[in-house]
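Inspection log for the structure reproduced underneath, given as C-alpha cells.
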Amino acid sequence: MSNNNTPAHPSLLVTASPHIRSVVDVNKLMWAVVIALLPAMGGAIYFFGIRALILLLLSIASSLLFDALGQLIFGRRLNITDGSAVITGILLALNLPPGVPLWIPVIGAAFAMIVVKQFFGGLGHNFINPALGARAFLVVSWPNYMTASWLAPQGGSISGLPEAALKLGTDAITSATPLNILKQGSKILLPSSDPELFYSYLQSWNVLKKLLFGNVGGCIGETSALLLLIGAIFLILLRVIDWRIPLSYLLTVALLVVILPGNKAGIVNYTLFHLLSGGLILGAFFMATDYVTSPLTGKGRVIFGIGCGVLTTLIRLWGGYPEGVSYSILLMNVATPLIDRLTPTRVFGTRRGK
Amino acid sequence: MKKDKPSRLSYLTSGIIKENPILILMIGLCPTLATTVSARDGLGMGLAASFVLISSNVVISAVRKLVPDSVRIPIFIVIISTFVTIIDYLMQAYQPGLYRVLGVFVPLIVVNCIILGRAEAFASKHGIVDSFLDGLGKSIGFTLVLFIMGALRELFGNGTIFGQPALPSFYRATPMLFALLPPGAFFLIGILKALVNKTALSGGKKK
C-alpha cells in the first residue's frame, strides 16, 4: 500500500473529470454584472439624489449581512465575497420607488437572502430571482409604500408630461408614472379633454426622450433606459449574459403591443413607449438573465423570453398592475424546470431527431 | 420505531408530532392554508374538525363489524356528515361571527382527508378506545398546527393575537400584509414543515 502513495509527476496524476476548466468563475461573472450596473446606479443617484444612494447602500449592506446570517444559520461555508449578494442588493434597490421608508430595503433584503436564497440551499439553488422575490413580497405587504412613493427626478417630473398635457388631466396625473397614466386611461383625464390629443402628448418624442434618458418618475434604477443598455451591451459583449432572453423578451413585447388594441398615438411611438417605460429594460437584461432561474439551453431561453414578454404585455394591458415585468419574470422562473425538461440537449454521439 | 404492537398511549401521542396530519402526513392542507388568517379562526377550525374526527372515529369503530366492506365508504361519509351537520348548526347558533368567517370550510370538513383517512386506515380496523385515542391524538396535532399558523399569521399580518394588540403600534400601523395573504400561508407551512423535518425527523434518521 505505502508504495503507491509516493507523489507522481504532475502530468501522470489521474483525477476525475472535468480536466479543462474555464478561467471564468462565479466571482468574475458576478462582479462583471456589478460593473455593468454602475451606470444605472450612477443615474439613480443623479436623478433621485442622496436618497437613492442611501437606499442602494442600505440594500447592499443588508443583503450581505442577511446572506452571511443565513449561511451561519444553515451551517454553510461563509462566503459573501462572490458578489451574488451585492448584485441582489443592487437590483433590489434599483427596483424600489425613491420615496420608500428606509426600513423597506432592509426587510426586502432579509426576505431575498434568507427566505428565497438560503432556505432553498444558498447560491445556485434559489427557485426565483431573490431581488424580484423580495420586490413581490414588499409590493404585497406594503402596497401603499411600494406603488405610490414616486418622487420627481432631477430635471424632470414624475409623469414626464409637458404642461399642455397636464391641463387635460386631473390632479392625480402629476403623481403618476407614464405607465400608470397609460393604465388608468380615461379615469385620470378630465371629462372635457380629448383623449387622442392627450395620448399624442404621452407618446410624443419629447416623453420618449425622457424615458430614454431617465428624467421621469419610477423605481430608482429603471427610469434611464440608456444607462441600463450601456451596461447590458457590456455584459453581452463579455458573454456574461445570453442575448436570447432579452431579445426574445423585448421582441415579444413589441410585437404584441403592435397587434393588440391599446391607446395608440402612432405605432412606432406606442411601441417605443412600451419598450422604454417601466422596468422592462432592467428586467429583460439584468433579471430575466439570472443563471439560476433561467433555462439552460438556447431554445429554452427563447421560450423563457417569449413567455416573459407575453405575460408582461398581458399584465400591462389588461392586468391589475400598471407594470408586469417583475411578476412575469417570477412566473417564468417557476416554469424554468419545466422548460428545461421540454428542451433537453442532444446527448453527444446520439442521432439527431428521434 | 418499535416492531412490537404499539402501546395505546402511542396512538395518542403519535398524532402530535411523529404522525402529525399536516406537517408529516401532508393531508388536510386546504383548510390549513385557507382558514388560518387569525388565531381565533385557526383554533375554531381545528376544534370543529377535531369534534368531527373524534366522534366519527368512535362511531365508525363501533359499527365496523356491521358494515359490509363494499359499501363502507358511503356509510363512513354519512356518519361523518352527520357530525359535520351538528357542528355546523352549533357553530351557527353559538359562534355566528366565527361561522361567518369560516363559511364554506365548515361543511367542507366532510371531505377533509384526515377524517376519512383515519376512518379508513384506523377506525375501521381498531377498537373503540383505540380509535378514540387515535382521533384525539390526530386532532391535537391538527388543531395545534392550525392554531400556530393562525397565531403567527395574525401576529405578523395584523400585529395582534386573538384581536389583542401584541406588537408595538408603529408595527400595527403598517403590518406585513403578506402574512395574511395566500402566499404567506404557503411560505409559513413550508417553514414549519422544514423545522419539523429538521428537529423531529432527523433524530430518527441518524439511527
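Letters for chains follow the order of the C-alpha cells (A, B, ...), residue numbers begin at 1 for each chain, and ligand numbers begin at 1 in the order shown.
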
Can you list every residue in region 82-133 of chain A that DSSP puts in helix (DSSP H, G or I), as a PDB file with N, CA and C atoms, in the first residue's frame?
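What follows is the written file result-v2.pdb:
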```pdb
ATOM      1  N   SER A  84     -22.649  37.770  -5.373  1.00  0.00           N
ATOM      2  CA  SER A  84     -24.055  37.500  -5.679  1.00  0.00           C
ATOM      3  C   SER A  84     -24.976  38.285  -4.759  1.00  0.00           C
ATOM      4  N   ALA A  85     -24.592  38.399  -3.482  1.00  0.00           N
ATOM      5  CA  ALA A  85     -25.424  39.173  -2.554  1.00  0.00           C
ATOM      6  C   ALA A  85     -25.389  40.657  -2.901  1.00  0.00           C
ATOM      7  N   VAL A  86     -24.220  41.110  -3.402  1.00  0.00           N
ATOM      8  CA  VAL A  86     -24.123  42.524  -3.801  1.00  0.00           C
ATOM      9  C   VAL A  86     -25.072  42.795  -4.955  1.00  0.00           C
ATOM     10  N   ILE A  87     -25.103  41.881  -5.934  1.00  0.00           N
ATOM     11  CA  ILE A  87     -25.996  42.073  -7.080  1.00  0.00           C
ATOM     12  C   ILE A  87     -27.447  42.107  -6.618  1.00  0.00           C
ATOM     13  N   THR A  88     -27.829  41.141  -5.774  1.00  0.00           N
ATOM     14  CA  THR A  88     -29.205  41.136  -5.278  1.00  0.00           C
ATOM     15  C   THR A  88     -29.526  42.454  -4.587  1.00  0.00           C
ATOM     16  N   GLY A  89     -28.574  42.934  -3.768  1.00  0.00           N
ATOM     17  CA  GLY A  89     -28.798  44.197  -3.071  1.00  0.00           C
ATOM     18  C   GLY A  89     -28.993  45.346  -4.047  1.00  0.00           C
ATOM     19  N   ILE A  90     -28.133  45.396  -5.069  1.00  0.00           N
ATOM     20  CA  ILE A  90     -28.250  46.477  -6.057  1.00  0.00           C
ATOM     21  C   ILE A  90     -29.577  46.387  -6.793  1.00  0.00           C
ATOM     22  N   LEU A  91     -29.905  45.177  -7.288  1.00  0.00           N
ATOM     23  CA  LEU A  91     -31.140  45.025  -8.073  1.00  0.00           C
ATOM     24  C   LEU A  91     -32.365  45.337  -7.227  1.00  0.00           C
ATOM     25  N   LEU A  92     -32.327  44.916  -5.964  1.00  0.00           N
ATOM     26  CA  LEU A  92     -33.462  45.217  -5.090  1.00  0.00           C
ATOM     27  C   LEU A  92     -33.641  46.724  -4.950  1.00  0.00           C
ATOM     28  N   ALA A  93     -32.536  47.430  -4.683  1.00  0.00           N
ATOM     29  CA  ALA A  93     -32.638  48.882  -4.514  1.00  0.00           C
ATOM     30  C   ALA A  93     -33.089  49.546  -5.811  1.00  0.00           C
ATOM     31  N   LEU A  94     -32.564  49.079  -6.957  1.00  0.00           N
ATOM     32  CA  LEU A  94     -32.951  49.688  -8.229  1.00  0.00           C
ATOM     33  C   LEU A  94     -34.429  49.481  -8.515  1.00  0.00           C
ATOM     34  N   TRP A 103     -36.608  51.418   6.062  1.00  0.00           N
ATOM     35  CA  TRP A 103     -36.571  50.017   6.513  1.00  0.00           C
ATOM     36  C   TRP A 103     -37.006  49.063   5.415  1.00  0.00           C
ATOM     37  N   ILE A 104     -37.628  49.588   4.348  1.00  0.00           N
ATOM     38  CA  ILE A 104     -38.110  48.711   3.271  1.00  0.00           C
ATOM     39  C   ILE A 104     -36.972  47.895   2.629  1.00  0.00           C
ATOM     40  N   PRO A 105     -35.832  48.540   2.230  1.00  0.00           N
ATOM     41  CA  PRO A 105     -34.776  47.708   1.638  1.00  0.00           C
ATOM     42  C   PRO A 105     -34.202  46.686   2.609  1.00  0.00           C
ATOM     43  N   VAL A 106     -34.192  46.999   3.909  1.00  0.00           N
ATOM     44  CA  VAL A 106     -33.633  46.062   4.890  1.00  0.00           C
ATOM     45  C   VAL A 106     -34.516  44.817   4.985  1.00  0.00           C
ATOM     46  N   ILE A 107     -35.839  45.027   5.115  1.00  0.00           N
ATOM     47  CA  ILE A 107     -36.766  43.895   5.191  1.00  0.00           C
ATOM     48  C   ILE A 107     -36.719  43.108   3.876  1.00  0.00           C
ATOM     49  N   GLY A 108     -36.679  43.831   2.759  1.00  0.00           N
ATOM     50  CA  GLY A 108     -36.638  43.167   1.462  1.00  0.00           C
ATOM     51  C   GLY A 108     -35.397  42.300   1.328  1.00  0.00           C
ATOM     52  N   ALA A 109     -34.249  42.831   1.768  1.00  0.00           N
ATOM     53  CA  ALA A 109     -33.007  42.057   1.678  1.00  0.00           C
ATOM     54  C   ALA A 109     -33.078  40.818   2.561  1.00  0.00           C
ATOM     55  N   ALA A 110     -33.699  40.949   3.731  1.00  0.00           N
ATOM     56  CA  ALA A 110     -33.829  39.787   4.620  1.00  0.00           C
ATOM     57  C   ALA A 110     -34.651  38.702   3.933  1.00  0.00           C
ATOM     58  N   PHE A 111     -35.756  39.093   3.290  1.00  0.00           N
ATOM     59  CA  PHE A 111     -36.594  38.098   2.605  1.00  0.00           C
ATOM     60  C   PHE A 111     -35.827  37.472   1.442  1.00  0.00           C
ATOM     61  N   ALA A 112     -35.156  38.325   0.659  1.00  0.00           N
ATOM     62  CA  ALA A 112     -34.436  37.822  -0.517  1.00  0.00           C
ATOM     63  C   ALA A 112     -33.367  36.822  -0.105  1.00  0.00           C
ATOM     64  N   MET A 113     -32.593  37.177   0.914  1.00  0.00           N
ATOM     65  CA  MET A 113     -31.427  36.362   1.246  1.00  0.00           C
ATOM     66  C   MET A 113     -31.806  35.137   2.061  1.00  0.00           C
ATOM     67  N   ILE A 114     -32.627  35.330   3.103  1.00  0.00           N
ATOM     68  CA  ILE A 114     -32.891  34.203   3.998  1.00  0.00           C
ATOM     69  C   ILE A 114     -33.977  33.303   3.420  1.00  0.00           C
ATOM     70  N   VAL A 115     -35.116  33.880   3.029  1.00  0.00           N
ATOM     71  CA  VAL A 115     -36.227  33.025   2.583  1.00  0.00           C
ATOM     72  C   VAL A 115     -35.988  32.502   1.171  1.00  0.00           C
ATOM     73  N   VAL A 116     -35.706  33.413   0.221  1.00  0.00           N
ATOM     74  CA  VAL A 116     -35.623  32.956  -1.175  1.00  0.00           C
ATOM     75  C   VAL A 116     -34.316  32.218  -1.450  1.00  0.00           C
ATOM     76  N   LYS A 117     -33.198  32.708  -0.872  1.00  0.00           N
ATOM     77  CA  LYS A 117     -31.907  32.122  -1.232  1.00  0.00           C
ATOM     78  C   LYS A 117     -31.481  31.008  -0.274  1.00  0.00           C
ATOM     79  N   GLN A 118     -31.321  31.332   1.015  1.00  0.00           N
ATOM     80  CA  GLN A 118     -30.722  30.338   1.909  1.00  0.00           C
ATOM     81  C   GLN A 118     -31.692  29.212   2.281  1.00  0.00           C
ATOM     82  N   PRO A 130     -33.911  36.317  -6.349  1.00  0.00           N
ATOM     83  CA  PRO A 130     -34.113  36.825  -4.992  1.00  0.00           C
ATOM     84  C   PRO A 130     -34.580  38.280  -4.944  1.00  0.00           C
ATOM     85  N   ALA A 131     -34.000  39.131  -5.808  1.00  0.00           N
ATOM     86  CA  ALA A 131     -34.371  40.548  -5.760  1.00  0.00           C
ATOM     87  C   ALA A 131     -35.831  40.727  -6.165  1.00  0.00           C
ATOM     88  N   LEU A 132     -36.259  39.992  -7.189  1.00  0.00           N
ATOM     89  CA  LEU A 132     -37.652  40.121  -7.627  1.00  0.00           C
ATOM     90  C   LEU A 132     -38.603  39.479  -6.625  1.00  0.00           C
ATOM     91  N   GLY A 133     -38.170  38.365  -6.023  1.00  0.00           N
ATOM     92  CA  GLY A 133     -38.993  37.746  -4.978  1.00  0.00           C
ATOM     93  C   GLY A 133     -39.226  38.730  -3.853  1.00  0.00           C
TER      94      GLY A 133
END
```

Contact residues around region 299-306 of chain A with only C-alpha atoms at 8 Å, ignoring same-chain residues under 5 positions, as a PyMOL selection string: chain A and resi 244-250+252+288+294+332+336+339-340+342-343

- request: Show which residues sit within 10 Å of region 168-185 of chain B, as a VMD selection string. Count only C-alpha atoms, and ignore same-chain residues fewer than 4 positions away.
  value: (chain A and resid 136 to 145) or (chain B and resid 32 to 38 149 to 150 152 to 160 189 to 191)

Could you list, as a PDB file with C-alpha atoms, in the first residue's frame, every residue within 10 Å of Ile45 (chain A), counting only C-alpha atoms and ignoring same-chain residues fewer than 5 positions away?
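Output contents, as saved in part31.pdb:
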```pdb
ATOM      1  CA  PRO A  39     -24.046  53.432 -14.935  1.00  0.00           C
ATOM      2  CA  ALA A  40     -27.597  52.679 -13.774  1.00  0.00           C
ATOM      3  CA  ILE A  50     -28.690  61.243  -1.853  1.00  0.00           C
ATOM      4  CA  ARG A  51     -31.845  59.248  -1.085  1.00  0.00           C
ATOM      5  CA  ALA A  52     -31.089  56.806  -3.894  1.00  0.00           C
ATOM      6  CA  LEU A  53     -27.523  56.423  -2.612  1.00  0.00           C
ATOM      7  CA  ILE A  54     -28.802  55.651   0.891  1.00  0.00           C
ATOM      8  CA  LEU A  55     -31.294  53.093  -0.472  1.00  0.00           C
ATOM      9  CA  LEU A  56     -28.544  51.439  -2.525  1.00  0.00           C
ATOM     10  CA  PRO A 153     -36.289  63.144 -10.728  1.00  0.00           C
ATOM     11  CA  GLN A 154     -33.582  65.725 -11.243  1.00  0.00           C
ATOM     12  CA  ILE A 220     -34.733  54.464  -8.873  1.00  0.00           C
ATOM     13  CA  GLY A 221     -32.895  52.227 -11.331  1.00  0.00           C
TER      14      GLY A 221
END
```

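Of the residues under consideration (A:Arg341, A:Lys264, A:His125, A:Arg135), A:Arg135 shows the shortest atom-to-atom contact distance to chain B when counting only C-alpha atoms.
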
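Going from CA of Phe83 (chain B) to CA of Gln95 (chain B) covers 16.8 Å.
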
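Taking CA of Asn27 (chain A) and CA of Asp82 (chain A) as endpoints, the distance between them is 4.6 Å.
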
task: Find the residues near region 233-235 of chain A: any atom within 12 Å, counting only C-alpha atoms, skip ones fewer than 6 places away on the same chain, and give them as a PyMOL selection string.
output: chain A and resi 28-39+226-227+241-243+246-247+281+285-286+289

Include N, CA and C atoms and write out the residues we just selected as a PDB file, in the first residue's frame.
```pdb
ATOM      1  N   LYS A  28     -16.012  36.217 -11.030  1.00  0.00           N
ATOM      2  CA  LYS A  28     -15.786  37.141 -12.144  1.00  0.00           C
ATOM      3  C   LYS A  28     -17.103  37.525 -12.804  1.00  0.00           C
ATOM      4  N   LEU A  29     -17.990  36.530 -12.995  1.00  0.00           N
ATOM      5  CA  LEU A  29     -19.280  36.822 -13.613  1.00  0.00           C
ATOM      6  C   LEU A  29     -20.060  37.821 -12.779  1.00  0.00           C
ATOM      7  N   MET A  30     -20.094  37.576 -11.474  1.00  0.00           N
ATOM      8  CA  MET A  30     -20.907  38.410 -10.600  1.00  0.00           C
ATOM      9  C   MET A  30     -20.380  39.839 -10.580  1.00  0.00           C
ATOM     10  N   TRP A  31     -19.047  39.972 -10.476  1.00  0.00           N
ATOM     11  CA  TRP A  31     -18.514  41.339 -10.413  1.00  0.00           C
ATOM     12  C   TRP A  31     -18.658  42.046 -11.749  1.00  0.00           C
ATOM     13  N   ALA A  32     -18.681  41.283 -12.870  1.00  0.00           N
ATOM     14  CA  ALA A  32     -18.934  41.909 -14.171  1.00  0.00           C
ATOM     15  C   ALA A  32     -20.333  42.514 -14.190  1.00  0.00           C
ATOM     16  N   VAL A  33     -21.306  41.796 -13.596  1.00  0.00           N
ATOM     17  CA  VAL A  33     -22.668  42.332 -13.552  1.00  0.00           C
ATOM     18  C   VAL A  33     -22.701  43.591 -12.685  1.00  0.00           C
ATOM     19  N   VAL A  34     -21.955  43.566 -11.571  1.00  0.00           N
ATOM     20  CA  VAL A  34     -21.925  44.751 -10.713  1.00  0.00           C
ATOM     21  C   VAL A  34     -21.377  45.951 -11.488  1.00  0.00           C
ATOM     22  N   ILE A  35     -20.289  45.703 -12.260  1.00  0.00           N
ATOM     23  CA  ILE A  35     -19.718  46.800 -13.050  1.00  0.00           C
ATOM     24  C   ILE A  35     -20.726  47.291 -14.080  1.00  0.00           C
ATOM     25  N   ALA A  36     -21.466  46.347 -14.707  1.00  0.00           N
ATOM     26  CA  ALA A  36     -22.443  46.738 -15.717  1.00  0.00           C
ATOM     27  C   ALA A  36     -23.582  47.548 -15.120  1.00  0.00           C
ATOM     28  N   LEU A  37     -23.813  47.374 -13.832  1.00  0.00           N
ATOM     29  CA  LEU A  37     -24.902  48.124 -13.196  1.00  0.00           C
ATOM     30  C   LEU A  37     -24.450  49.495 -12.708  1.00  0.00           C
ATOM     31  N   LEU A  38     -23.121  49.751 -12.772  1.00  0.00           N
ATOM     32  CA  LEU A  38     -22.614  51.045 -12.277  1.00  0.00           C
ATOM     33  C   LEU A  38     -23.266  52.246 -12.963  1.00  0.00           C
ATOM     34  N   PRO A  39     -23.393  52.266 -14.329  1.00  0.00           N
ATOM     35  CA  PRO A  39     -24.046  53.432 -14.935  1.00  0.00           C
ATOM     36  C   PRO A  39     -25.459  53.650 -14.399  1.00  0.00           C
ATOM     37  N   LEU A 226     -31.220  54.246 -21.319  1.00  0.00           N
ATOM     38  CA  LEU A 226     -29.904  54.381 -21.945  1.00  0.00           C
ATOM     39  C   LEU A 226     -28.791  53.825 -21.051  1.00  0.00           C
ATOM     40  N   LEU A 227     -28.795  54.235 -19.772  1.00  0.00           N
ATOM     41  CA  LEU A 227     -27.728  53.797 -18.866  1.00  0.00           C
ATOM     42  C   LEU A 227     -27.790  52.278 -18.655  1.00  0.00           C
ATOM     43  N   ILE A 241     -24.029  37.581 -20.164  1.00  0.00           N
ATOM     44  CA  ILE A 241     -25.429  37.204 -20.314  1.00  0.00           C
ATOM     45  C   ILE A 241     -25.683  36.804 -21.760  1.00  0.00           C
ATOM     46  N   ASP A 242     -26.698  35.973 -21.935  1.00  0.00           N
ATOM     47  CA  ASP A 242     -27.072  35.487 -23.258  1.00  0.00           C
ATOM     48  C   ASP A 242     -28.043  36.478 -23.885  1.00  0.00           C
ATOM     49  N   TRP A 243     -27.813  36.825 -25.168  1.00  0.00           N
ATOM     50  CA  TRP A 243     -28.688  37.802 -25.823  1.00  0.00           C
ATOM     51  C   TRP A 243     -30.069  37.258 -26.091  1.00  0.00           C
ATOM     52  N   PRO A 246     -33.121  38.529 -23.432  1.00  0.00           N
ATOM     53  CA  PRO A 246     -33.606  39.900 -23.604  1.00  0.00           C
ATOM     54  C   PRO A 246     -34.179  40.155 -24.989  1.00  0.00           C
ATOM     55  N   LEU A 247     -33.538  39.612 -26.031  1.00  0.00           N
ATOM     56  CA  LEU A 247     -34.022  39.891 -27.384  1.00  0.00           C
ATOM     57  C   LEU A 247     -35.414  39.299 -27.594  1.00  0.00           C
ATOM     58  N   ILE A 281     -36.516  47.216 -19.516  1.00  0.00           N
ATOM     59  CA  ILE A 281     -35.099  47.074 -19.897  1.00  0.00           C
ATOM     60  C   ILE A 281     -34.314  46.460 -18.730  1.00  0.00           C
ATOM     61  N   PHE A 285     -32.745  42.576 -19.260  1.00  0.00           N
ATOM     62  CA  PHE A 285     -31.299  42.363 -19.366  1.00  0.00           C
ATOM     63  C   PHE A 285     -30.662  41.892 -18.064  1.00  0.00           C
ATOM     64  N   PHE A 286     -31.183  42.339 -16.939  1.00  0.00           N
ATOM     65  CA  PHE A 286     -30.459  42.062 -15.694  1.00  0.00           C
ATOM     66  C   PHE A 286     -31.143  41.058 -14.785  1.00  0.00           C
ATOM     67  N   THR A 289     -32.158  37.281 -16.984  1.00  0.00           N
ATOM     68  CA  THR A 289     -30.983  36.530 -17.412  1.00  0.00           C
ATOM     69  C   THR A 289     -30.234  35.868 -16.259  1.00  0.00           C
TER      70      THR A 289
END
```

field: CA of Gln92 (chain B) to CA of Ile22 (chain B), straight-line distance in Å
entry: 26.4 Å

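Closest approach to chain B from the set A:Ala134, A:Ile158, A:Ala265, A:Ala254 is made by A:Ala134, with distances taken over only C-alpha atoms.
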
field: Long-range neighbours of Ser159 (chain A) as number ranges by chain, 9 Å cut-off, only C-alpha atoms, 2 positions minimum in chain
entry: A: 152, 156-157, 161-162, 166, 173-181, 202, 207, 216-217

statement: Judged by only C-alpha atoms, the minimum distance to chain A among B:Phe187, B:Phe142, B:Phe51, B:Tyr94 is found for B:Phe187

task: Would you kindly return, as a list in words, each protein, DNA or RNA residue with an atom no farther than 12 Å from any atom of Ser192 (chain A), considering only C-alpha atoms and excluding same-chain residues fewer than 5 positions away?
output: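 Listing them by chain and then by number gives Lys167, Leu168, Gly169, Thr170, Ser186, Leu197 and Phe198 of chain A.
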